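> Quick one: structure below, then a few questions.
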Amino acid sequence: MRIIFFAGKGGVGKTSVAAATGIKAAERGKKTVIMSLDVAHSLSDIFDMEKALINQSKGEPVQVGENLWIQELDIQEEIEKNWGDIHKYLSTLLNTTGLDEILAEELAILPGMEEVSLLLHINRYARNNHFDVVLLDCAPTGESLRFISIPTTLEWYINKIFKIEKTLVKYARPVAKRFYDLPLPGEDYFDAIERLFEKLRGVDALLTDPEKTTVRLVTNPEKIVLKETQRAFMYFSLYKMSIDAIIMNRVLPDAVNEPYFQDWRESQKRYVQEAEDYFQPVPLLPVNLFRGEVLGYDNLKALGDKIYGSRNPLDRFFMGKPYELTKVEGKYQLKMKLPFIEKRDVALHKIADELIVRIGGFKRSVMLPRQVAALDSLKATLEGQYLLIHFDS
């Protein structure tokens, strides 16, 4: 199975790129599903479909072409399938605080429920080999990072907290009934959580396996968008997910040479060059701005041709880790593979939360997590082909 995330800032064209990639994969005979991770689903819109068809699917995959399906989850359906006893307890708890029953049921749909439901589908597809390819149209960067952190967080909760919580509630329930009106969760609540976790088991290993799963960051040649892409690049790397391409979308083509667009073209060229410096050795795939909206199967197919040309969109365009941030003996260390360099060639500069590494004409910019960016002292050492950058207070 092949899984590809399409992530980036809102409005950069992730849905279009994911859909175009799905068409290219399906044309190669691969049974492909494109799943929307965004609460504001737009896959059906990008394929120019009637909403009524999607609404009748109850969150299940809908076929849009030969070997190609799209899936936009219906949270109400997911609650009935996977969250019944959990949602029932939460809504009852909220209702006892004085909230209207309908409002309590709505508020009991907690942040993360839809993301966990998507993970359940991904894991199920991987276990039963239902699809050859799963393409994920991600929500904007911050929500995507919450999505990929959920398996680790749930595993920590189950291993460290859940059993203690279940035991404490078992003994406290008879006593609590005498003194408090608030209901404590019953055995069915805890059993539902255990069943949910069992269905999720193994999905974290699946998402971090570079042989199966990679991330493609979609960006535009604009300063703010590029900064957001750098942060996404850093965070996905911290979560050990393999990034195999940067798709630079909506680049003005050379044919646009009117004076009105001159400044825009020059700034775009500058940001494209900066992106190449930022993200190398991960390849940058530039895509020209289309004349009109990219809607419908034919236009999406044309976009896929522009992005990949004759390449197989399911190939891994980059293998390996551009860098690795670890903690050694309580101190942060950034490891970068830079063969054929000597220590005297290296110059380091840190500006706010950005580390700039210069080696002759080569420049690499790395966004740092907040706790690392707050450290003032840094030094570098060489170990074989690796440059090790040490951070200290």
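Simple scheme: letters A, B, ... for chains in structure tokens order, numbers from 1 for residues in each chain, numbers from 1 for ligands in the order shown.
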With DSSP run on the backbone, what are the strand (DSSP E or B) residues within region 104-161 of chain A? I'd like them as a list in words.

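Here is the list: Val133, Val134, Leu135, Leu136 and Asp137 of chain A.
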
> Residues of region 81-330 of chain A classed as helix (DSSP H, G or I) by DSSP on the backbone are to be reported as a ChimeraX atom specification.

/A:81-82,84-96,101-107,113-128,141-179,187-200,203-207,223-238,259-279,296-308

> Could the residues in this selection be saved with C-alpha atoms as a short mmCIF file (atom, residue, chain, number, x, y, z; two decimals), in the first residue's frame?


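That gives us again25.cif:
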data_model
loop_
_atom_site.label_atom_id
_atom_site.label_comp_id
_atom_site.auth_asym_id
_atom_site.auth_seq_id
_atom_site.Cartn_x
_atom_site.Cartn_y
_atom_site.Cartn_z
CA LYS A 81 -20.01 3.45 14.26
CA ASN A 82 -17.07 4.19 16.56
CA GLY A 84 -21.43 5.56 20.48
CA ASP A 85 -20.84 4.87 24.20
CA ILE A 86 -18.14 7.55 24.50
CA HIS A 87 -20.32 10.23 22.91
CA LYS A 88 -23.33 9.10 24.94
CA TYR A 89 -21.47 9.55 28.24
CA LEU A 90 -20.00 12.94 27.27
CA SER A 91 -23.37 14.30 26.18
CA THR A 92 -24.99 13.03 29.40
CA LEU A 93 -22.23 14.66 31.44
CA LEU A 94 -22.69 18.00 29.66
CA ASN A 95 -26.44 17.76 29.98
CA THR A 96 -26.17 17.49 33.78
CA GLU A 101 -29.85 18.26 25.52
CA ILE A 102 -29.36 19.00 21.82
CA LEU A 103 -26.54 21.48 22.55
CA ALA A 104 -24.91 18.93 24.89
CA GLU A 105 -24.94 16.32 22.11
CA GLU A 106 -23.34 18.80 19.71
CA LEU A 107 -20.63 19.88 22.19
CA MET A 113 -12.97 12.71 16.89
CA GLU A 114 -13.01 13.22 13.12
CA GLU A 115 -9.21 12.82 12.90
CA VAL A 116 -9.31 9.55 14.86
CA SER A 117 -12.12 8.34 12.59
CA LEU A 118 -9.91 9.00 9.57
CA LEU A 119 -7.06 7.08 11.17
CA LEU A 120 -9.44 4.18 11.72
CA HIS A 121 -10.30 4.14 8.01
CA ILE A 122 -6.63 4.33 6.99
CA ASN A 123 -5.70 1.45 9.31
CA ARG A 124 -8.62 -0.64 8.08
CA TYR A 125 -7.69 -0.06 4.44
CA ALA A 126 -4.10 -1.07 5.22
CA ARG A 127 -5.16 -4.22 7.07
CA ASN A 128 -7.60 -5.52 4.44
CA THR A 141 -0.78 22.81 8.76
CA GLY A 142 -1.68 23.15 12.45
CA GLU A 143 -4.61 20.73 12.24
CA SER A 144 -2.55 18.28 10.18
CA LEU A 145 0.10 18.18 12.90
CA ARG A 146 -2.56 17.45 15.51
CA PHE A 147 -3.75 14.62 13.25
CA ILE A 148 -0.36 12.91 13.01
CA SER A 149 0.30 13.34 16.74
CA ILE A 150 -2.93 11.55 17.77
CA PRO A 151 -1.61 7.93 17.59
CA THR A 152 1.35 8.74 19.88
CA THR A 153 -0.86 10.68 22.30
CA LEU A 154 -3.47 7.90 22.46
CA GLU A 155 -0.83 5.22 23.00
CA TRP A 156 0.64 7.24 25.89
CA TYR A 157 -2.83 7.67 27.40
CA ILE A 158 -3.71 3.96 27.12
CA ASN A 159 -0.36 2.78 28.52
CA LYS A 160 0.07 5.36 31.29
CA ILE A 161 -3.34 6.67 32.38
CA PHE A 162 -6.19 4.52 31.10
CA LYS A 163 -5.84 1.44 33.33
CA ILE A 164 -5.35 3.54 36.48
CA GLU A 165 -8.34 5.73 35.56
CA LYS A 166 -10.52 2.68 34.89
CA THR A 167 -9.61 1.10 38.24
CA LEU A 168 -10.12 4.31 40.22
CA VAL A 169 -13.54 4.96 38.68
CA LYS A 170 -14.60 1.35 39.37
CA TYR A 171 -13.99 1.80 43.10
CA ALA A 172 -15.14 5.42 43.28
CA ARG A 173 -18.44 4.95 41.42
CA PRO A 174 -20.51 3.48 44.33
CA VAL A 175 -19.25 6.17 46.74
CA ALA A 176 -19.62 9.05 44.28
CA LYS A 177 -23.30 8.25 43.68
CA ARG A 178 -24.05 9.13 47.29
CA PHE A 179 -22.48 12.59 47.21
CA GLU A 187 -17.70 -0.03 31.98
CA ASP A 188 -19.20 0.39 28.49
CA TYR A 189 -17.39 3.75 28.18
CA PHE A 190 -13.99 2.21 28.99
CA ASP A 191 -14.67 -0.83 26.82
CA ALA A 192 -15.45 1.49 23.89
CA ILE A 193 -12.11 3.29 24.35
CA GLU A 194 -10.25 -0.04 24.42
CA ARG A 195 -12.00 -1.20 21.23
CA LEU A 196 -11.16 2.10 19.56
CA PHE A 197 -7.50 1.83 20.49
CA GLU A 198 -7.34 -1.76 19.28
CA LYS A 199 -8.64 -0.67 15.87
CA LEU A 200 -5.93 2.00 15.78
CA VAL A 203 -1.28 3.05 12.53
CA ASP A 204 1.62 5.07 13.99
CA ALA A 205 4.15 2.61 12.53
CA LEU A 206 2.30 2.77 9.21
CA LEU A 207 2.48 6.58 9.04
CA LYS A 223 6.91 34.90 1.67
CA ILE A 224 4.24 34.07 4.28
CA VAL A 225 3.27 30.80 2.60
CA LEU A 226 6.92 29.76 2.32
CA LYS A 227 7.51 30.43 6.03
CA GLU A 228 4.53 28.26 6.91
CA THR A 229 5.89 25.51 4.64
CA GLN A 230 9.25 25.67 6.43
CA ARG A 231 7.50 25.16 9.77
CA ALA A 232 5.50 22.24 8.37
CA PHE A 233 8.72 20.74 7.00
CA MET A 234 10.31 20.97 10.44
CA TYR A 235 7.35 19.50 12.33
CA PHE A 236 6.76 16.60 9.95
CA SER A 237 10.49 15.81 10.25
CA LEU A 238 10.20 15.84 14.05
CA PRO A 259 4.65 45.07 -17.30
CA TYR A 260 1.81 44.88 -14.75
CA PHE A 261 3.09 41.47 -13.60
CA GLN A 262 6.82 42.30 -13.71
CA ASP A 263 7.33 42.85 -9.96
CA TRP A 264 5.23 39.80 -9.14
CA ARG A 265 7.25 37.60 -11.49
CA GLU A 266 10.55 38.80 -10.03
CA SER A 267 9.43 38.18 -6.45
CA GLN A 268 8.17 34.72 -7.41
CA LYS A 269 11.50 33.83 -8.99
CA ARG A 270 13.26 34.94 -5.81
CA TYR A 271 11.00 32.83 -3.59
CA VAL A 272 11.32 29.78 -5.87
CA GLN A 273 15.11 30.06 -5.53
CA GLU A 274 14.81 30.46 -1.76
CA ALA A 275 12.61 27.37 -1.62
CA GLU A 276 15.23 25.35 -3.48
CA ASP A 277 17.82 26.51 -0.92
CA TYR A 278 15.51 25.78 2.02
CA PHE A 279 14.41 22.30 1.12
CA GLY A 296 -13.58 18.73 -13.00
CA TYR A 297 -11.85 15.53 -14.02
CA ASP A 298 -10.25 16.79 -17.26
CA ASN A 299 -8.70 19.91 -15.71
CA LEU A 300 -7.41 17.90 -12.75
CA LYS A 301 -5.87 15.37 -15.14
CA ALA A 302 -4.11 18.25 -16.93
CA LEU A 303 -2.79 19.48 -13.58
CA GLY A 304 -1.44 16.01 -12.80
CA ASP A 305 0.37 15.97 -16.15
CA LYS A 306 1.95 19.35 -15.31
CA ILE A 307 3.12 18.21 -11.88
CA TYR A 308 4.54 14.80 -12.73
#
